[in-house]
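Pasting my_file.txt here (compact mmCIF, N, CA and C atoms):
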# COMPACT_ATOMS: atom_id res chain seq x y z
N MET A 245 54.13 -45.49 -91.19
CA MET A 245 54.89 -44.56 -90.38
C MET A 245 54.41 -43.11 -90.59
N ILE A 246 54.22 -42.78 -91.87
CA ILE A 246 53.80 -41.42 -92.17
C ILE A 246 52.39 -41.16 -91.64
N SER A 247 51.53 -42.18 -91.68
CA SER A 247 50.17 -41.99 -91.17
C SER A 247 50.19 -41.77 -89.66
N LYS A 248 51.11 -42.43 -88.95
CA LYS A 248 51.22 -42.22 -87.51
C LYS A 248 51.68 -40.79 -87.20
N ILE A 249 52.61 -40.29 -87.98
CA ILE A 249 53.09 -38.92 -87.80
C ILE A 249 51.95 -37.94 -88.10
N LYS A 250 51.22 -38.21 -89.18
CA LYS A 250 50.10 -37.35 -89.56
C LYS A 250 49.04 -37.35 -88.46
N ASP A 251 48.70 -38.53 -87.92
CA ASP A 251 47.71 -38.62 -86.85
C ASP A 251 48.17 -37.87 -85.61
N SER A 252 49.44 -38.02 -85.27
CA SER A 252 49.99 -37.33 -84.10
C SER A 252 49.93 -35.82 -84.27
N MET A 253 50.31 -35.35 -85.44
CA MET A 253 50.30 -33.91 -85.72
C MET A 253 48.85 -33.40 -85.72
N ASN A 254 47.93 -34.17 -86.26
CA ASN A 254 46.52 -33.78 -86.29
C ASN A 254 45.95 -33.69 -84.88
N ASN A 255 46.28 -34.68 -84.04
CA ASN A 255 45.80 -34.66 -82.66
C ASN A 255 46.35 -33.47 -81.89
N LEU A 256 47.63 -33.18 -82.08
CA LEU A 256 48.23 -32.03 -81.40
C LEU A 256 47.60 -30.73 -81.89
N SER A 257 47.36 -30.64 -83.19
CA SER A 257 46.74 -29.45 -83.76
C SER A 257 45.33 -29.23 -83.21
N LYS A 258 44.54 -30.30 -83.15
CA LYS A 258 43.18 -30.20 -82.61
C LYS A 258 43.21 -29.83 -81.12
N SER A 259 44.20 -30.34 -80.40
CA SER A 259 44.33 -29.99 -78.99
C SER A 259 44.63 -28.51 -78.83
N LEU A 260 45.50 -27.98 -79.67
CA LEU A 260 45.80 -26.55 -79.62
C LEU A 260 44.55 -25.73 -79.93
N ASP A 261 43.77 -26.16 -80.92
CA ASP A 261 42.53 -25.46 -81.26
C ASP A 261 41.58 -25.45 -80.06
N TYR A 262 41.47 -26.59 -79.38
CA TYR A 262 40.59 -26.69 -78.21
C TYR A 262 41.04 -25.75 -77.11
N PHE A 263 42.34 -25.78 -76.77
CA PHE A 263 42.83 -24.93 -75.69
C PHE A 263 42.70 -23.45 -76.04
N TRP A 264 42.87 -23.12 -77.32
CA TRP A 264 42.72 -21.72 -77.74
C TRP A 264 41.27 -21.26 -77.58
N ALA A 265 40.33 -22.10 -78.04
CA ALA A 265 38.91 -21.75 -77.93
C ALA A 265 38.50 -21.64 -76.46
N ARG A 266 39.00 -22.54 -75.63
CA ARG A 266 38.67 -22.49 -74.19
C ARG A 266 39.26 -21.23 -73.56
N ASN A 267 40.46 -20.85 -73.99
CA ASN A 267 41.09 -19.62 -73.48
C ASN A 267 40.22 -18.41 -73.81
N GLU A 268 39.67 -18.36 -75.01
CA GLU A 268 38.81 -17.25 -75.40
C GLU A 268 37.55 -17.19 -74.55
N LEU A 269 36.95 -18.36 -74.28
CA LEU A 269 35.74 -18.37 -73.46
C LEU A 269 36.02 -17.97 -72.02
N ILE A 270 37.12 -18.46 -71.47
CA ILE A 270 37.47 -18.09 -70.09
C ILE A 270 37.73 -16.59 -70.01
N SER A 271 38.41 -16.04 -71.00
CA SER A 271 38.67 -14.60 -71.03
C SER A 271 37.36 -13.81 -71.12
N LYS A 272 36.41 -14.34 -71.91
CA LYS A 272 35.10 -13.70 -72.01
C LYS A 272 34.39 -13.73 -70.66
N ASN A 273 34.50 -14.85 -69.95
CA ASN A 273 33.90 -14.95 -68.62
C ASN A 273 34.50 -13.93 -67.66
N ILE A 274 35.82 -13.80 -67.69
CA ILE A 274 36.51 -12.85 -66.80
C ILE A 274 36.08 -11.42 -67.13
N ALA A 275 35.98 -11.13 -68.43
CA ALA A 275 35.58 -9.78 -68.84
C ALA A 275 34.16 -9.44 -68.40
N ASN A 276 33.31 -10.46 -68.27
CA ASN A 276 31.92 -10.24 -67.89
C ASN A 276 31.63 -10.60 -66.43
N ALA A 277 32.66 -10.63 -65.62
CA ALA A 277 32.50 -11.03 -64.21
C ALA A 277 31.56 -10.09 -63.45
N ASN A 278 31.45 -8.85 -63.87
CA ASN A 278 30.59 -7.89 -63.18
C ASN A 278 29.33 -7.54 -63.96
N THR A 279 29.04 -8.29 -65.01
CA THR A 279 27.84 -8.04 -65.81
C THR A 279 26.65 -8.74 -65.18
N PRO A 280 25.63 -8.00 -64.78
CA PRO A 280 24.46 -8.63 -64.15
C PRO A 280 23.78 -9.61 -65.10
N GLY A 281 23.44 -10.79 -64.56
CA GLY A 281 22.73 -11.80 -65.33
C GLY A 281 23.60 -12.64 -66.26
N TYR A 282 24.89 -12.34 -66.35
CA TYR A 282 25.77 -13.11 -67.24
C TYR A 282 26.01 -14.50 -66.66
N LYS A 283 25.93 -15.51 -67.50
CA LYS A 283 26.23 -16.89 -67.12
C LYS A 283 27.50 -17.32 -67.83
N ARG A 284 28.38 -17.98 -67.11
CA ARG A 284 29.67 -18.37 -67.66
C ARG A 284 29.53 -19.41 -68.77
N TYR A 285 30.50 -19.43 -69.66
CA TYR A 285 30.58 -20.40 -70.74
C TYR A 285 31.82 -21.27 -70.54
N ASP A 286 31.74 -22.48 -71.08
CA ASP A 286 32.90 -23.36 -71.07
C ASP A 286 32.77 -24.30 -72.27
N ILE A 287 33.75 -25.15 -72.47
CA ILE A 287 33.76 -26.07 -73.60
C ILE A 287 33.90 -27.49 -73.08
N LYS A 288 33.10 -28.38 -73.66
CA LYS A 288 33.25 -29.81 -73.40
C LYS A 288 33.67 -30.45 -74.70
N PHE A 289 34.88 -30.94 -74.73
CA PHE A 289 35.42 -31.56 -75.92
C PHE A 289 35.28 -33.07 -75.86
N ASP A 290 35.47 -33.66 -74.70
CA ASP A 290 35.48 -35.11 -74.55
C ASP A 290 34.15 -35.76 -74.93
N ASP A 291 33.04 -35.18 -74.48
CA ASP A 291 31.73 -35.76 -74.78
C ASP A 291 31.47 -35.78 -76.28
N TYR A 292 31.81 -34.70 -76.95
CA TYR A 292 31.59 -34.62 -78.39
C TYR A 292 32.48 -35.61 -79.13
N LEU A 293 33.74 -35.73 -78.70
CA LEU A 293 34.67 -36.64 -79.34
C LEU A 293 34.19 -38.08 -79.19
N ASP A 294 33.71 -38.44 -78.02
CA ASP A 294 33.18 -39.79 -77.81
C ASP A 294 31.97 -40.05 -78.71
N LYS A 295 31.11 -39.05 -78.88
CA LYS A 295 29.95 -39.18 -79.76
C LYS A 295 30.38 -39.43 -81.20
N GLU A 296 31.38 -38.69 -81.65
CA GLU A 296 31.86 -38.83 -83.02
C GLU A 296 32.52 -40.19 -83.24
N LYS A 297 33.29 -40.66 -82.26
CA LYS A 297 33.95 -41.96 -82.38
C LYS A 297 32.94 -43.09 -82.49
N SER A 298 31.84 -42.98 -81.78
CA SER A 298 30.85 -44.05 -81.77
C SER A 298 30.08 -44.15 -83.09
N LYS A 299 30.13 -43.14 -83.92
CA LYS A 299 29.40 -43.15 -85.19
C LYS A 299 30.07 -44.04 -86.23
N PHE A 300 31.35 -44.33 -86.06
CA PHE A 300 32.10 -45.04 -87.09
C PHE A 300 32.70 -46.33 -86.55
N SER A 301 32.78 -47.30 -87.42
CA SER A 301 33.43 -48.55 -87.05
C SER A 301 34.52 -48.84 -88.07
N ILE A 302 35.40 -49.75 -87.73
CA ILE A 302 36.50 -50.10 -88.62
C ILE A 302 35.96 -50.65 -89.94
N GLY A 303 34.82 -51.32 -89.92
CA GLY A 303 34.25 -51.90 -91.12
C GLY A 303 33.89 -50.87 -92.18
N THR A 304 33.71 -49.63 -91.81
CA THR A 304 33.33 -48.61 -92.78
C THR A 304 34.53 -47.96 -93.46
N ILE A 305 35.72 -48.30 -93.00
CA ILE A 305 36.94 -47.69 -93.55
C ILE A 305 37.51 -48.60 -94.63
N VAL A 306 37.86 -48.04 -95.77
CA VAL A 306 38.46 -48.81 -96.85
C VAL A 306 39.91 -49.09 -96.49
N LYS A 307 40.30 -50.37 -96.54
CA LYS A 307 41.66 -50.76 -96.15
C LYS A 307 42.48 -51.22 -97.34
N ASN A 308 42.21 -50.71 -98.52
CA ASN A 308 42.98 -51.05 -99.70
C ASN A 308 44.24 -50.19 -99.74
N PRO A 309 45.45 -50.79 -99.84
CA PRO A 309 46.67 -49.98 -99.84
C PRO A 309 46.79 -49.06 -101.05
N ARG A 310 46.03 -49.34 -102.12
CA ARG A 310 46.08 -48.46 -103.29
C ARG A 310 45.14 -47.28 -103.18
N PHE A 311 44.31 -47.28 -102.14
CA PHE A 311 43.33 -46.21 -101.94
C PHE A 311 44.03 -44.97 -101.39
N ILE A 312 43.80 -43.83 -102.04
CA ILE A 312 44.33 -42.56 -101.56
C ILE A 312 43.15 -41.71 -101.13
N PRO A 313 43.06 -41.39 -99.83
CA PRO A 313 41.92 -40.59 -99.37
C PRO A 313 41.98 -39.18 -99.94
N ILE A 314 40.83 -38.69 -100.38
CA ILE A 314 40.75 -37.35 -100.95
C ILE A 314 39.85 -36.51 -100.06
N GLY A 315 40.22 -35.28 -99.83
CA GLY A 315 39.42 -34.40 -98.99
C GLY A 315 39.88 -34.47 -97.55
N LYS A 316 39.05 -33.93 -96.67
CA LYS A 316 39.39 -33.86 -95.26
C LYS A 316 39.18 -35.20 -94.58
N ASP A 317 40.05 -35.48 -93.61
CA ASP A 317 39.85 -36.65 -92.76
C ASP A 317 38.63 -36.41 -91.88
N ARG A 318 38.03 -37.47 -91.42
CA ARG A 318 36.87 -37.36 -90.54
C ARG A 318 37.27 -36.66 -89.24
N LYS A 319 38.53 -36.84 -88.81
CA LYS A 319 39.00 -36.22 -87.57
C LYS A 319 38.97 -34.70 -87.65
N ASP A 320 39.09 -34.17 -88.87
CA ASP A 320 39.09 -32.72 -89.03
C ASP A 320 37.71 -32.12 -88.77
N LEU A 321 36.66 -32.94 -88.77
CA LEU A 321 35.31 -32.43 -88.58
C LEU A 321 34.90 -32.37 -87.11
N VAL A 322 35.73 -32.90 -86.22
CA VAL A 322 35.41 -32.90 -84.79
C VAL A 322 35.68 -31.51 -84.23
N ALA A 323 34.69 -30.96 -83.54
CA ALA A 323 34.84 -29.62 -82.97
C ALA A 323 34.31 -29.62 -81.54
N PRO A 324 34.91 -28.82 -80.69
CA PRO A 324 34.41 -28.76 -79.31
C PRO A 324 33.07 -28.05 -79.24
N LEU A 325 32.28 -28.39 -78.21
CA LEU A 325 30.98 -27.77 -78.02
C LEU A 325 31.03 -26.79 -76.86
N ALA A 326 30.67 -25.55 -77.12
CA ALA A 326 30.58 -24.56 -76.04
C ALA A 326 29.22 -24.69 -75.39
N PHE A 327 29.17 -24.55 -74.09
CA PHE A 327 27.89 -24.60 -73.40
C PHE A 327 27.83 -23.48 -72.37
N ARG A 328 26.62 -23.08 -72.07
CA ARG A 328 26.37 -22.03 -71.08
C ARG A 328 26.05 -22.69 -69.75
N ASP A 329 26.78 -22.33 -68.71
CA ASP A 329 26.58 -22.89 -67.38
C ASP A 329 25.43 -22.15 -66.72
N GLU A 330 24.27 -22.79 -66.64
CA GLU A 330 23.07 -22.16 -66.10
C GLU A 330 22.90 -22.40 -64.60
N SER A 331 23.97 -22.87 -63.95
CA SER A 331 23.85 -23.17 -62.53
C SER A 331 23.52 -21.89 -61.75
N THR A 332 22.93 -22.11 -60.62
CA THR A 332 22.52 -20.96 -59.81
C THR A 332 23.74 -20.19 -59.32
N SER A 333 23.52 -18.97 -59.05
CA SER A 333 24.58 -18.06 -58.65
C SER A 333 24.47 -17.73 -57.17
N MET A 334 25.60 -17.44 -56.56
CA MET A 334 25.61 -17.01 -55.16
C MET A 334 25.42 -15.49 -55.09
N ARG A 335 25.42 -14.86 -56.27
CA ARG A 335 25.29 -13.41 -56.30
C ARG A 335 23.85 -13.01 -56.57
N LYS A 336 23.49 -11.85 -56.05
CA LYS A 336 22.11 -11.36 -56.22
C LYS A 336 21.81 -10.91 -57.65
N ASP A 337 22.84 -10.52 -58.40
CA ASP A 337 22.60 -10.03 -59.75
C ASP A 337 22.46 -11.15 -60.79
N GLY A 338 22.57 -12.42 -60.38
CA GLY A 338 22.38 -13.54 -61.29
C GLY A 338 23.62 -13.98 -62.03
N ASN A 339 24.73 -13.30 -61.85
CA ASN A 339 25.99 -13.66 -62.49
C ASN A 339 26.59 -14.84 -61.73
N ASN A 340 27.06 -15.87 -62.46
CA ASN A 340 27.64 -17.03 -61.79
C ASN A 340 29.14 -17.18 -62.03
N VAL A 341 29.82 -16.10 -62.41
CA VAL A 341 31.26 -16.14 -62.65
C VAL A 341 32.00 -15.89 -61.34
N ASP A 342 32.84 -16.86 -60.97
CA ASP A 342 33.73 -16.71 -59.82
C ASP A 342 35.10 -16.37 -60.39
N ILE A 343 35.56 -15.16 -60.19
CA ILE A 343 36.79 -14.68 -60.80
C ILE A 343 38.00 -15.52 -60.40
N ASN A 344 38.02 -16.01 -59.17
CA ASN A 344 39.14 -16.84 -58.72
C ASN A 344 39.19 -18.17 -59.45
N ILE A 345 38.03 -18.78 -59.64
CA ILE A 345 37.98 -20.05 -60.38
C ILE A 345 38.36 -19.83 -61.83
N GLU A 346 37.86 -18.76 -62.42
CA GLU A 346 38.17 -18.47 -63.83
C GLU A 346 39.67 -18.22 -64.02
N ASN A 347 40.29 -17.48 -63.10
CA ASN A 347 41.74 -17.24 -63.20
C ASN A 347 42.53 -18.53 -63.06
N ALA A 348 42.09 -19.42 -62.15
CA ALA A 348 42.77 -20.71 -61.99
C ALA A 348 42.61 -21.56 -63.26
N GLU A 349 41.40 -21.56 -63.83
CA GLU A 349 41.16 -22.32 -65.07
C GLU A 349 41.97 -21.75 -66.23
N LEU A 350 42.09 -20.43 -66.27
CA LEU A 350 42.88 -19.79 -67.32
C LEU A 350 44.35 -20.18 -67.21
N ALA A 351 44.88 -20.20 -65.99
CA ALA A 351 46.28 -20.59 -65.78
C ALA A 351 46.49 -22.05 -66.17
N LYS A 352 45.57 -22.92 -65.77
CA LYS A 352 45.67 -24.34 -66.10
C LYS A 352 45.58 -24.55 -67.61
N ASN A 353 44.67 -23.85 -68.24
CA ASN A 353 44.50 -23.96 -69.69
C ASN A 353 45.73 -23.44 -70.44
N THR A 354 46.31 -22.36 -69.96
CA THR A 354 47.51 -21.81 -70.59
C THR A 354 48.68 -22.78 -70.48
N MET A 355 48.84 -23.40 -69.31
CA MET A 355 49.91 -24.39 -69.15
C MET A 355 49.69 -25.58 -70.08
N SER A 356 48.46 -26.04 -70.20
CA SER A 356 48.16 -27.16 -71.10
C SER A 356 48.46 -26.79 -72.55
N TYR A 357 48.08 -25.58 -72.94
CA TYR A 357 48.37 -25.11 -74.30
C TYR A 357 49.87 -25.11 -74.56
N ASN A 358 50.64 -24.60 -73.60
CA ASN A 358 52.09 -24.53 -73.76
C ASN A 358 52.72 -25.91 -73.84
N ILE A 359 52.22 -26.86 -73.06
CA ILE A 359 52.74 -28.23 -73.10
C ILE A 359 52.51 -28.84 -74.47
N VAL A 360 51.30 -28.68 -75.01
CA VAL A 360 50.98 -29.24 -76.32
C VAL A 360 51.79 -28.54 -77.41
N ALA A 361 51.94 -27.22 -77.30
CA ALA A 361 52.74 -26.48 -78.29
C ALA A 361 54.19 -26.94 -78.28
N ASN A 362 54.73 -27.19 -77.11
CA ASN A 362 56.11 -27.69 -77.02
C ASN A 362 56.22 -29.08 -77.62
N GLN A 363 55.23 -29.92 -77.39
CA GLN A 363 55.24 -31.26 -77.98
C GLN A 363 55.18 -31.19 -79.49
N LEU A 364 54.35 -30.30 -80.03
CA LEU A 364 54.26 -30.12 -81.47
C LEU A 364 55.59 -29.63 -82.04
N THR A 365 56.24 -28.72 -81.33
CA THR A 365 57.55 -28.22 -81.76
C THR A 365 58.56 -29.36 -81.80
N LYS A 366 58.53 -30.24 -80.81
CA LYS A 366 59.45 -31.39 -80.79
C LYS A 366 59.18 -32.33 -81.95
N GLU A 367 57.91 -32.58 -82.24
CA GLU A 367 57.54 -33.44 -83.36
C GLU A 367 58.07 -32.87 -84.68
N LEU A 368 57.88 -31.57 -84.86
CA LEU A 368 58.37 -30.93 -86.08
C LEU A 368 59.89 -30.95 -86.15
N SER A 369 60.55 -30.82 -85.02
CA SER A 369 62.00 -30.88 -84.96
C SER A 369 62.51 -32.26 -85.38
N ILE A 370 61.82 -33.30 -84.93
CA ILE A 370 62.20 -34.67 -85.31
C ILE A 370 62.04 -34.87 -86.81
N ILE A 371 60.96 -34.37 -87.37
CA ILE A 371 60.73 -34.48 -88.81
C ILE A 371 61.81 -33.73 -89.58
N LYS A 372 62.13 -32.53 -89.11
CA LYS A 372 63.17 -31.72 -89.76
C LYS A 372 64.52 -32.43 -89.71
N GLN A 373 64.82 -33.03 -88.57
CA GLN A 373 66.09 -33.75 -88.44
C GLN A 373 66.13 -34.95 -89.37
N ALA A 374 65.03 -35.67 -89.50
CA ALA A 374 64.98 -36.82 -90.40
C ALA A 374 65.17 -36.39 -91.85
N ILE A 375 64.59 -35.27 -92.22
CA ILE A 375 64.76 -34.77 -93.59
C ILE A 375 66.20 -34.37 -93.84
N ASN A 376 66.78 -33.64 -92.89
CA ASN A 376 68.17 -33.21 -93.04
C ASN A 376 69.15 -34.39 -93.07
N GLU A 377 68.92 -35.40 -92.25
CA GLU A 377 69.79 -36.58 -92.23
C GLU A 377 69.62 -37.39 -93.51
N GLY A 378 68.43 -37.38 -94.09
CA GLY A 378 68.18 -38.12 -95.33
C GLY A 378 68.91 -37.53 -96.51
N ARG A 379 69.26 -36.28 -96.45
CA ARG A 379 69.98 -35.61 -97.54
C ARG A 379 71.44 -36.02 -97.61
N ARG A 380 71.97 -36.50 -96.52
CA ARG A 380 73.42 -36.81 -96.48
C ARG A 380 73.76 -38.08 -97.16

Final structure tokens representation of the file:
Amino acid sequence: MISKIKDSMNNLSKSLDYFWARNELISKNIANANTPGYKRYDIKFDDYLDKEKSKFSIGTIVKNPRFIPIGKDRKDLVAPLAFRDESTSMRKDGNNVDINIENAELAKNTMSYNIVANQLTKELSIIKQAINEGRR
């Protein structure tokens, strides 16, 4: 049970990290919308996560109940990859940032961040309630 809670909290935490990093990149793109030659940046998290998952199999994990893992979980080492979008631009100055698309992506990313943050808050509230009820 505790491992499921830990995994859930870890996944929510990594999701928040991803949305935060993507928010920073989108903001950087918006700030450089008028910079000649600037190419937009974005983050691909799914491709990297799939690559990391394929490296490990269940057979490599120790399943002894007396085993206590020490150090960081393998999940903590997964990080999103930022990439530069080198696609051609419709502008003469070589900049490929479309301010309308970036603003829409920023709004979508902000909503996703808020949804995950609310879910994390609910998870922590459930844990707090369980601790408080256990004291009675």

Might you pull out every residue within 6 Å of Gly338 (chain A), with all atoms listed in the file counted and same-chain residues fewer than 2 positions away left off, and present them as a short mmCIF file (atom, residue, chain, number, x, y, z; two decimals) with N, CA and C atoms, in the coordinates of the input?
data_model
loop_
_atom_site.label_atom_id
_atom_site.label_comp_id
_atom_site.auth_asym_id
_atom_site.auth_seq_id
_atom_site.Cartn_x
_atom_site.Cartn_y
_atom_site.Cartn_z
N PRO A 280 25.63 -8.00 -64.78
CA PRO A 280 24.46 -8.63 -64.15
C PRO A 280 23.78 -9.61 -65.10
N GLY A 281 23.44 -10.79 -64.56
CA GLY A 281 22.73 -11.80 -65.33
C GLY A 281 23.60 -12.64 -66.26
N TYR A 282 24.89 -12.34 -66.35
CA TYR A 282 25.77 -13.11 -67.24
C TYR A 282 26.01 -14.50 -66.66
N SER A 333 23.52 -18.97 -59.05
CA SER A 333 24.58 -18.06 -58.65
C SER A 333 24.47 -17.73 -57.17
N ARG A 335 25.42 -14.86 -56.27
CA ARG A 335 25.29 -13.41 -56.30
C ARG A 335 23.85 -13.01 -56.57
N LYS A 336 23.49 -11.85 -56.05
CA LYS A 336 22.11 -11.36 -56.22
C LYS A 336 21.81 -10.91 -57.65
N ASN A 340 27.06 -15.87 -62.46
CA ASN A 340 27.64 -17.03 -61.79
C ASN A 340 29.14 -17.18 -62.03
#

At what distance in Å, to one decimal, does CA of Asn376 (chain A) lie from CA of Asn254 (chain A)? 22.7 Å

Record the distance separating atom N of Phe327 (chain A) and atom N of Asp286 (chain A), expressed in Å with one decimal.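 Those two atoms sit 4.5 Å apart.
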
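With distances restricted to only C-alpha atoms, A:Leu256 is the closest residue to Lys366 (chain A) from A:Asp337, A:Leu256, A:Asn344, A:Ile274.
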
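Between CA of Val341 (chain A) and CA of Lys283 (chain A) the interatomic distance comes to 6.8 Å.
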
Enclose region 371-375 of chain A, meaning all of its atoms listed in the file, in a box aligned along x, y and z, pad it by 6 Å on each side, and list the centre and edge lengths in Å to one decimal, as JSON.
{"center_x": 63.5, "center_y": -34.3, "center_z": -90.6, "size_x": 17.5, "size_y": 17.1, "size_z": 18.5}
